[in-house]
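Novice: Data: data.cif, mmCIF, C-alpha atoms.
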```
data_start
loop_
_atom_site.group_PDB
_atom_site.id
_atom_site.type_symbol
_atom_site.label_atom_id
_atom_site.label_comp_id
_atom_site.auth_asym_id
_atom_site.auth_seq_id
_atom_site.Cartn_x
_atom_site.Cartn_y
_atom_site.Cartn_z
ATOM 1 C CA MET A 353 22.662 1.153 -7.595
ATOM 2 C CA ASP A 354 22.895 4.415 -5.676
ATOM 3 C CA ASN A 355 25.813 4.540 -3.252
ATOM 4 C CA SER A 356 25.373 8.162 -2.198
ATOM 5 C CA THR A 357 25.647 9.240 1.406
ATOM 6 C CA THR A 358 22.121 10.627 1.473
ATOM 7 C CA THR A 359 20.093 9.173 4.336
ATOM 8 C CA THR A 360 17.467 6.777 3.022
ATOM 9 C CA ALA A 361 14.190 5.873 4.707
ATOM 10 C CA LEU A 362 11.127 3.813 3.929
ATOM 11 C CA VAL A 363 7.715 4.430 5.491
ATOM 12 C CA THR A 364 4.931 1.865 5.171
ATOM 13 C CA GLY A 365 1.248 2.774 4.893
ATOM 14 C CA ALA A 366 2.308 6.222 3.803
ATOM 15 C CA ASN A 367 -0.179 7.525 1.254
ATOM 16 C CA LYS A 368 -2.087 9.529 3.891
ATOM 17 C CA GLY A 369 -2.245 10.574 7.531
ATOM 18 C CA LEU A 370 0.705 9.973 9.828
ATOM 19 C CA GLY A 371 2.592 8.011 7.189
ATOM 20 C CA ARG A 372 2.441 10.727 4.573
ATOM 21 C CA GLU A 373 3.353 13.420 7.100
ATOM 22 C CA THR A 374 6.309 11.319 8.236
ATOM 23 C CA VAL A 375 7.503 11.004 4.646
ATOM 24 C CA SER A 376 7.145 14.751 4.144
ATOM 25 C CA ARG A 377 9.046 15.628 7.307
ATOM 26 C CA LEU A 378 11.873 13.155 6.732
ATOM 27 C CA ALA A 379 12.259 14.272 3.132
ATOM 28 C CA GLY A 380 12.267 17.834 4.440
ATOM 29 C CA LEU A 381 15.478 16.940 6.289
ATOM 30 C CA GLY A 382 17.104 16.320 2.923
ATOM 31 C CA TRP A 383 16.608 12.559 3.064
ATOM 32 C CA ARG A 384 15.669 10.254 0.219
ATOM 33 C CA VAL A 385 12.377 8.697 1.281
ATOM 34 C CA PHE A 386 10.507 5.733 -0.156
ATOM 35 C CA LEU A 387 6.768 6.168 0.293
ATOM 36 C CA ALA A 388 5.349 2.664 0.522
ATOM 37 C CA ALA A 389 1.627 2.073 0.089
ATOM 38 C CA ARG A 390 -0.745 -0.774 -0.709
ATOM 39 C CA ASP A 391 -2.929 1.394 -2.964
ATOM 40 C CA ALA A 392 -0.706 2.223 -5.919
ATOM 41 C CA ASP A 393 -2.877 5.029 -7.282
ATOM 42 C CA ARG A 394 -3.094 6.854 -3.964
ATOM 43 C CA GLY A 395 0.566 6.252 -3.278
ATOM 44 C CA LYS A 396 1.669 7.652 -6.622
ATOM 45 C CA THR A 397 -0.597 10.656 -6.179
ATOM 46 C CA ALA A 398 0.930 11.373 -2.777
ATOM 47 C CA VAL A 399 4.433 11.069 -4.232
ATOM 48 C CA ALA A 400 3.565 13.427 -7.078
ATOM 49 C CA ASP A 401 2.306 16.038 -4.611
ATOM 50 C CA LEU A 402 5.428 15.749 -2.458
ATOM 51 C CA THR A 403 7.875 15.813 -5.361
ATOM 52 C CA ASP A 404 6.064 18.858 -6.753
ATOM 53 C CA ALA A 405 6.926 20.469 -3.412
ATOM 54 C CA GLY A 406 10.602 19.773 -4.109
ATOM 55 C CA LEU A 407 10.998 16.733 -1.853
ATOM 56 C CA ASN A 408 13.052 13.637 -2.711
ATOM 57 C CA VAL A 409 10.317 11.015 -2.493
ATOM 58 C CA GLU A 410 9.829 7.813 -4.482
ATOM 59 C CA PHE A 411 6.917 5.386 -4.608
ATOM 60 C CA VAL A 412 7.220 1.716 -3.657
ATOM 61 C CA HIS A 413 4.250 -0.604 -3.905
ATOM 62 C CA LEU A 414 3.961 -2.561 -0.669
ATOM 63 C CA ASP A 415 1.149 -4.575 0.857
ATOM 64 C CA VAL A 416 2.494 -5.610 4.263
ATOM 65 C CA THR A 417 0.131 -8.599 4.373
ATOM 66 C CA SER A 418 1.578 -10.116 1.195
ATOM 67 C CA VAL A 419 4.857 -12.047 1.216
ATOM 68 C CA ASP A 420 5.226 -11.570 -2.533
ATOM 69 C CA SER A 421 4.579 -7.826 -2.303
ATOM 70 C CA ILE A 422 7.137 -7.435 0.483
ATOM 71 C CA ALA A 423 9.759 -9.342 -1.499
ATOM 72 C CA ALA A 424 9.099 -7.224 -4.577
ATOM 73 C CA ALA A 425 9.404 -4.048 -2.502
ATOM 74 C CA VAL A 426 12.753 -5.138 -1.067
ATOM 75 C CA GLU A 427 14.005 -5.889 -4.563
ATOM 76 C CA ALA A 428 12.756 -2.538 -5.870
ATOM 77 C CA VAL A 429 14.439 -0.588 -3.082
ATOM 78 C CA GLY A 430 17.613 -2.658 -3.371
ATOM 79 C CA GLN A 431 17.875 -1.824 -7.066
ATOM 80 C CA ARG A 432 17.771 1.892 -6.245
ATOM 81 C CA THR A 433 19.989 2.063 -3.174
ATOM 82 C CA GLY A 434 22.591 -0.090 -1.466
ATOM 83 C CA GLN A 435 21.308 0.542 2.035
ATOM 84 C CA LEU A 436 18.320 1.571 4.088
ATOM 85 C CA ASP A 437 19.073 3.812 7.049
ATOM 86 C CA VAL A 438 15.583 4.011 8.490
ATOM 87 C CA LEU A 439 12.516 1.768 8.377
ATOM 88 C CA VAL A 440 9.261 3.152 9.745
ATOM 89 C CA ASN A 441 6.627 0.447 10.239
ATOM 90 C CA ASN A 442 3.587 2.692 10.115
ATOM 91 C CA ALA A 443 1.019 0.604 8.224
ATOM 92 C CA GLY A 444 -1.941 -0.206 10.433
ATOM 93 C CA ILE A 445 -5.688 -0.667 10.498
ATOM 94 C CA GLY A 446 -8.221 -0.023 13.246
ATOM 95 C CA GLY A 447 -10.506 -2.996 12.830
ATOM 96 C CA THR A 448 -13.885 -3.497 14.427
ATOM 97 C CA ARG A 449 -15.311 -1.179 17.069
ATOM 98 C CA LYS A 450 -17.389 -3.975 18.618
ATOM 99 C CA LEU A 451 -17.193 -4.507 22.358
ATOM 100 C CA PRO A 452 -15.025 -7.428 23.551
ATOM 101 C CA PRO A 453 -17.893 -9.916 24.106
ATOM 102 C CA GLU A 454 -19.053 -9.396 20.508
ATOM 103 C CA THR A 455 -15.561 -9.549 18.975
ATOM 104 C CA THR A 456 -14.534 -12.720 17.165
ATOM 105 C CA ALA A 457 -11.152 -14.329 16.709
ATOM 106 C CA ALA A 458 -11.447 -13.489 13.014
ATOM 107 C CA ASP A 459 -11.722 -9.799 13.940
ATOM 108 C CA LEU A 460 -8.393 -10.034 15.740
ATOM 109 C CA ARG A 461 -6.708 -11.970 12.940
ATOM 110 C CA GLU A 462 -7.611 -9.294 10.409
ATOM 111 C CA VAL A 463 -5.983 -6.540 12.462
ATOM 112 C CA PHE A 464 -2.974 -8.575 13.587
ATOM 113 C CA GLU A 465 -2.263 -9.491 9.961
ATOM 114 C CA THR A 466 -1.395 -5.855 9.227
ATOM 115 C CA ASN A 467 -0.426 -4.349 12.578
ATOM 116 C CA VAL A 468 1.688 -7.217 13.930
ATOM 117 C CA PHE A 469 2.533 -9.873 11.364
ATOM 118 C CA GLY A 470 3.062 -7.244 8.676
ATOM 119 C CA ALA A 471 5.540 -5.308 10.816
ATOM 120 C CA VAL A 472 7.513 -8.482 11.537
ATOM 121 C CA ALA A 473 7.546 -9.614 7.896
ATOM 122 C CA VAL A 474 8.621 -6.198 6.610
ATOM 123 C CA THR A 475 11.320 -5.806 9.263
ATOM 124 C CA ASN A 476 12.838 -9.204 8.553
ATOM 125 C CA ALA A 477 12.749 -8.683 4.804
ATOM 126 C CA PHE A 478 14.526 -5.311 4.953
ATOM 127 C CA LEU A 479 17.195 -6.378 7.472
ATOM 128 C CA PRO A 480 19.896 -6.942 4.814
ATOM 129 C CA LEU A 481 19.499 -3.359 3.548
ATOM 130 C CA LEU A 482 19.347 -2.018 7.102
ATOM 131 C CA ARG A 483 22.494 -3.897 8.085
ATOM 132 C CA ALA A 484 24.289 -2.299 5.131
ATOM 133 C CA ALA A 485 23.753 1.132 6.742
ATOM 134 C CA THR A 486 26.238 2.602 9.206
ATOM 135 C CA ARG A 487 23.640 3.518 11.846
ATOM 136 C CA PRO A 488 20.314 1.833 11.037
ATOM 137 C CA ARG A 489 17.106 2.710 12.858
ATOM 138 C CA ILE A 490 13.677 1.096 12.997
ATOM 139 C CA VAL A 491 10.575 2.860 14.277
ATOM 140 C CA MET A 492 7.486 0.830 15.129
ATOM 141 C CA VAL A 493 4.443 3.097 15.112
ATOM 142 C CA SER A 494 2.522 1.922 18.147
ATOM 143 C CA SER A 495 -0.109 3.696 20.251
ATOM 144 C CA GLY A 496 -0.786 4.699 23.828
ATOM 145 C CA ILE A 497 -3.794 2.419 23.580
ATOM 146 C CA GLY A 498 -1.277 -0.433 23.609
ATOM 147 C CA SER A 499 0.130 0.651 26.979
ATOM 148 C CA LEU A 500 -1.143 -1.503 29.829
ATOM 149 C CA ALA A 501 -0.279 1.273 32.281
ATOM 150 C CA ARG A 502 -2.226 3.937 30.420
ATOM 151 C CA THR A 503 -5.271 1.840 29.563
ATOM 152 C CA SER A 504 -5.636 0.844 33.225
ATOM 153 C CA ASP A 505 -5.420 4.460 34.427
ATOM 154 C CA PRO A 506 -8.941 5.964 34.626
ATOM 155 C CA ALA A 507 -7.440 9.439 34.372
ATOM 156 C CA ARG A 508 -6.149 8.697 30.870
ATOM 157 C CA ILE A 509 -8.211 8.903 27.691
ATOM 158 C CA GLU A 510 -6.732 5.557 26.621
ATOM 159 C CA SER A 511 -8.761 3.855 29.379
ATOM 160 C CA THR A 512 -12.057 4.894 27.769
ATOM 161 C CA LEU A 513 -11.730 2.678 24.694
ATOM 162 C CA LEU A 514 -12.996 -0.883 25.065
ATOM 163 C CA GLY A 515 -11.844 -2.984 22.159
ATOM 164 C CA LEU A 516 -9.780 -6.070 21.533
ATOM 165 C CA PRO A 517 -8.099 -6.022 18.088
ATOM 166 C CA TYR A 518 -6.389 -2.639 17.820
ATOM 167 C CA PRO A 519 -5.214 -2.174 21.429
ATOM 168 C CA SER A 520 -3.933 -5.748 21.732
ATOM 169 C CA SER A 521 -2.148 -5.479 18.379
ATOM 170 C CA LYS A 522 -0.245 -2.443 19.616
ATOM 171 C CA THR A 523 0.613 -4.147 22.913
ATOM 172 C CA ALA A 524 1.997 -7.040 20.875
ATOM 173 C CA LEU A 525 3.956 -4.604 18.706
ATOM 174 C CA ASN A 526 5.510 -3.120 21.838
ATOM 175 C CA MET A 527 6.816 -6.515 22.934
ATOM 176 C CA ILE A 528 8.052 -7.175 19.408
ATOM 177 C CA THR A 529 9.951 -3.874 19.580
ATOM 178 C CA SER A 530 11.557 -4.881 22.859
ATOM 179 C CA MET A 531 12.564 -8.310 21.570
ATOM 180 C CA TYR A 532 14.020 -6.988 18.312
ATOM 181 C CA SER A 533 16.032 -4.344 20.162
ATOM 182 C CA ARG A 534 17.723 -6.982 22.307
ATOM 183 C CA ALA A 535 18.300 -9.359 19.419
ATOM 184 C CA LEU A 536 19.709 -6.609 17.175
ATOM 185 C CA PRO A 537 21.814 -4.351 19.417
ATOM 186 C CA ASP A 538 23.472 -2.656 16.436
ATOM 187 C CA ILE A 539 20.139 -1.241 15.282
ATOM 188 C CA ARG A 540 18.251 1.446 17.212
ATOM 189 C CA ILE A 541 14.708 0.042 17.449
ATOM 190 C CA ASN A 542 11.962 1.920 19.260
ATOM 191 C CA ALA A 543 8.175 2.231 19.412
ATOM 192 C CA ALA A 544 6.468 5.571 18.888
ATOM 193 C CA ASP A 545 3.133 6.654 20.333
ATOM 194 C CA PRO A 546 1.744 9.378 18.049
ATOM 195 C CA GLY A 547 -0.878 10.377 20.630
ATOM 196 C CA TYR A 548 -4.526 11.151 19.912
ATOM 197 C CA THR A 549 -4.063 12.550 16.426
ATOM 198 C CA ALA A 550 -6.748 13.485 13.906
ATOM 199 C CA THR A 551 -6.579 10.764 11.219
ATOM 200 C CA ASP A 552 -8.968 8.531 9.298
ATOM 201 C CA LEU A 553 -8.340 5.845 11.914
ATOM 202 C CA ASN A 554 -10.400 7.803 14.475
ATOM 203 C CA ASN A 555 -12.645 9.679 12.027
ATOM 204 C CA ASN A 556 -10.433 12.740 12.576
ATOM 205 C CA SER A 557 -11.588 13.073 16.176
ATOM 206 C CA GLY A 558 -8.069 13.412 17.603
ATOM 207 C CA HIS A 559 -7.036 16.724 19.151
ATOM 208 C CA GLN A 560 -3.495 16.685 17.717
ATOM 209 C CA THR A 561 -2.411 17.604 14.198
ATOM 210 C CA VAL A 562 -0.527 15.080 12.079
ATOM 211 C CA THR A 563 2.578 17.204 12.557
ATOM 212 C CA GLU A 564 2.297 16.832 16.320
ATOM 213 C CA GLY A 565 1.483 13.163 15.866
ATOM 214 C CA THR A 566 4.674 12.544 13.923
ATOM 215 C CA ASP A 567 6.997 14.348 16.350
ATOM 216 C CA ALA A 568 8.016 11.153 18.146
ATOM 217 C CA ILE A 569 8.335 9.191 14.903
ATOM 218 C CA VAL A 570 10.651 11.760 13.331
ATOM 219 C CA ARG A 571 12.712 12.078 16.518
ATOM 220 C CA LEU A 572 13.217 8.308 16.773
ATOM 221 C CA ALA A 573 14.011 8.057 13.062
ATOM 222 C CA SER A 574 16.759 10.640 13.568
ATOM 223 C CA ILE A 575 18.433 9.377 16.753
ATOM 224 C CA GLU A 576 22.194 9.028 17.029
ATOM 225 C CA PRO A 577 24.008 5.689 17.441
ATOM 226 C CA ASP A 578 24.174 6.217 21.206
ATOM 227 C CA GLY A 579 20.462 7.025 21.401
ATOM 228 C CA PRO A 580 17.820 4.865 23.082
ATOM 229 C CA THR A 581 16.791 1.472 21.829
ATOM 230 C CA GLY A 582 14.019 -0.827 23.011
ATOM 231 C CA GLY A 583 11.964 2.101 24.303
ATOM 232 C CA PHE A 584 8.444 3.480 23.905
ATOM 233 C CA PHE A 585 8.113 7.242 23.401
ATOM 234 C CA ASP A 586 5.568 9.929 22.579
ATOM 235 C CA ARG A 587 6.277 13.555 21.708
ATOM 236 C CA PHE A 588 6.793 14.389 25.382
ATOM 237 C CA GLY A 589 9.121 11.532 26.352
ATOM 238 C CA PRO A 590 9.005 7.906 27.556
ATOM 239 C CA VAL A 591 5.665 6.100 27.658
ATOM 240 C CA PRO A 592 5.059 3.370 30.293
ATOM 241 C CA TRP A 593 4.563 -0.108 28.909
#
```
Translate this structure into structure tokens?
Specialist:
Amino acid sequence: MDNSTTTTALVTGANKGLGRETVSRLAGLGWRVFLAARDADRGKTAVADLTDAGLNVEFVHLDVTSVDSIAAAVEAVGQRTGQLDVLVNNAGIGGTRKLPPETTAADLREVFETNVFGAVAVTNAFLPLLRAATRPRIVMVSSGIGSLARTSDPARIESTLLGLPYPSSKTALNMITSMYSRALPDIRINAADPGYTATDLNNNSGHQTVTEGTDAIVRLASIEPDGPTGGFFDRFGPVPW
């Protein structure tokens, strides 16, 4: 077991896009970062590329929709380190693009399984390792499309998307963030809105780079013990619920 003082972090859904960029940036701070991914081949390839660049990154197989996979990931991380300083719940899927009247309950369940239930299951499973850290932090990767204020503002781009599964999953994740932060006052727990970033989730139509999209995630992962908790932030500051 590694008892070093190096900051440790785990990022879910991290073999590409915002997750991979988050891993790269956190490792660039000198941290030891566990890149967690459902697809083992892609995850290991991403780790190989990052370690070739001199970064301290390790692969962990993790399917956030599988109880057994989550348990195995916790065991794997626990065997390598005695604590986890930062957990970034980044894994997420977009789901159907059908309009609300054509969307089924099954469409919602598929997205909630990863975006909501997965985040809760992973957070609960890693709590013992987080509690072993001196200043643990959790970042829930949400979206402005989960903000009721922004989606109801016709001046905002978030108001132009009509869909049920993805937006509602991020609204749910925001409430989950708020509840966890009040239940666990010793852990800094916040939601990050990456903004409209070019990723596979939007067919790379976003106007921001992945570096810009991870600004809020990295900032919240690095906050001090007296920093905010139970908040929702993008790269420019607080986001209205």
Novice: Spell out the residues picked by the PyMOL selection byres ((chain A and resi 434-451) around 7) here, as a PyMOL selection string.
Specialist: chain A and resi 353-355+359-365+371+430+433+452-455+459+463+466-467+471+481-482+484-485+487-493+514-515+517-518+553+573
Novice: Interatomic distance between CA of Arg483 in chain A and CA of Arg534 in chain A?
Specialist: 15.3 Å
Novice: Could you expand the PyMOL selection byres ((chain A and resi 520) around 10) into the explicit residues it covers here, written as a VMD selection string?
Specialist: chain A and resid 460 463 to 464 467 to 468 497 to 500 515 to 519 521 to 526
Novice: Please identify all polymer residues lying at most 6 Å from the point (5.4, 13.1, 16.7) (file coordinates), using only C-alpha atoms, and present the result as a PDB file with C-alpha atoms, keeping the file's coordinate frame.
Specialist:
```
ATOM      1  CA  PRO A 546       1.744   9.378  18.049  1.00  0.00           C
ATOM      2  CA  GLU A 564       2.297  16.832  16.320  1.00  0.00           C
ATOM      3  CA  GLY A 565       1.483  13.163  15.866  1.00  0.00           C
ATOM      4  CA  THR A 566       4.674  12.544  13.923  1.00  0.00           C
ATOM      5  CA  ASP A 567       6.997  14.348  16.350  1.00  0.00           C
ATOM      6  CA  ALA A 568       8.016  11.153  18.146  1.00  0.00           C
ATOM      7  CA  ILE A 569       8.335   9.191  14.903  1.00  0.00           C
ATOM      8  CA  ARG A 587       6.277  13.555  21.708  1.00  0.00           C
TER       9      ARG A 587
END
```
Novice: Given the file shown, enumerate the residues that the PyMOL selection byres ((chain A and resi 502) around 12) captures and present them as a PDB file with C-alpha atoms, in the coordinates of the input.
Specialist:
```
ATOM      1  CA  SER A 495      -0.109   3.696  20.251  1.00  0.00           C
ATOM      2  CA  GLY A 496      -0.786   4.699  23.828  1.00  0.00           C
ATOM      3  CA  ILE A 497      -3.794   2.419  23.580  1.00  0.00           C
ATOM      4  CA  GLY A 498      -1.277  -0.433  23.609  1.00  0.00           C
ATOM      5  CA  SER A 499       0.130   0.651  26.979  1.00  0.00           C
ATOM      6  CA  LEU A 500      -1.143  -1.503  29.829  1.00  0.00           C
ATOM      7  CA  ALA A 501      -0.279   1.273  32.281  1.00  0.00           C
ATOM      8  CA  THR A 503      -5.271   1.840  29.563  1.00  0.00           C
ATOM      9  CA  SER A 504      -5.636   0.844  33.225  1.00  0.00           C
ATOM     10  CA  ASP A 505      -5.420   4.460  34.427  1.00  0.00           C
ATOM     11  CA  PRO A 506      -8.941   5.964  34.626  1.00  0.00           C
ATOM     12  CA  ALA A 507      -7.440   9.439  34.372  1.00  0.00           C
ATOM     13  CA  ARG A 508      -6.149   8.697  30.870  1.00  0.00           C
ATOM     14  CA  ILE A 509      -8.211   8.903  27.691  1.00  0.00           C
ATOM     15  CA  GLU A 510      -6.732   5.557  26.621  1.00  0.00           C
ATOM     16  CA  SER A 511      -8.761   3.855  29.379  1.00  0.00           C
ATOM     17  CA  THR A 512     -12.057   4.894  27.769  1.00  0.00           C
ATOM     18  CA  LEU A 513     -11.730   2.678  24.694  1.00  0.00           C
ATOM     19  CA  PRO A 519      -5.214  -2.174  21.429  1.00  0.00           C
ATOM     20  CA  THR A 523       0.613  -4.147  22.913  1.00  0.00           C
ATOM     21  CA  ASP A 545       3.133   6.654  20.333  1.00  0.00           C
ATOM     22  CA  GLY A 547      -0.878  10.377  20.630  1.00  0.00           C
ATOM     23  CA  VAL A 591       5.665   6.100  27.658  1.00  0.00           C
ATOM     24  CA  PRO A 592       5.059   3.370  30.293  1.00  0.00           C
ATOM     25  CA  TRP A 593       4.563  -0.108  28.909  1.00  0.00           C
TER      26      TRP A 593
END
```
Novice: One number please: CA of Val416 in chain A to CA of Arg390 in chain A, in Å, one decimal.
Specialist: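 Rounded to one decimal, the two atoms are 7.7 Å apart.
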Novice: Rank nothing, just name the residue among A:Thr357, A:Met527, A:Ala473, A:Val562 nearest to Asp420 in chain A, using only C-alpha atoms.
Specialist: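 Distance minimum relative to Asp420 in chain A lands on A:Ala473.
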Novice: Using all atoms listed in the file, which residue out of A:Thr486, A:Thr581, A:Ser376, A:Thr529 lies closest to Ala400 in chain A?
Specialist: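 So, comparing all the options, the nearest one is A:Ser376.
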Novice: Would you please work out which residue, of A:Gly395, A:Gly583, A:Gly382, A:Pro480, is nearest to Gly369 in chain A when using all atoms listed in the file?
Specialist: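 Using all atoms listed in the file, Gly369 in chain A sits closest to A:Gly395.
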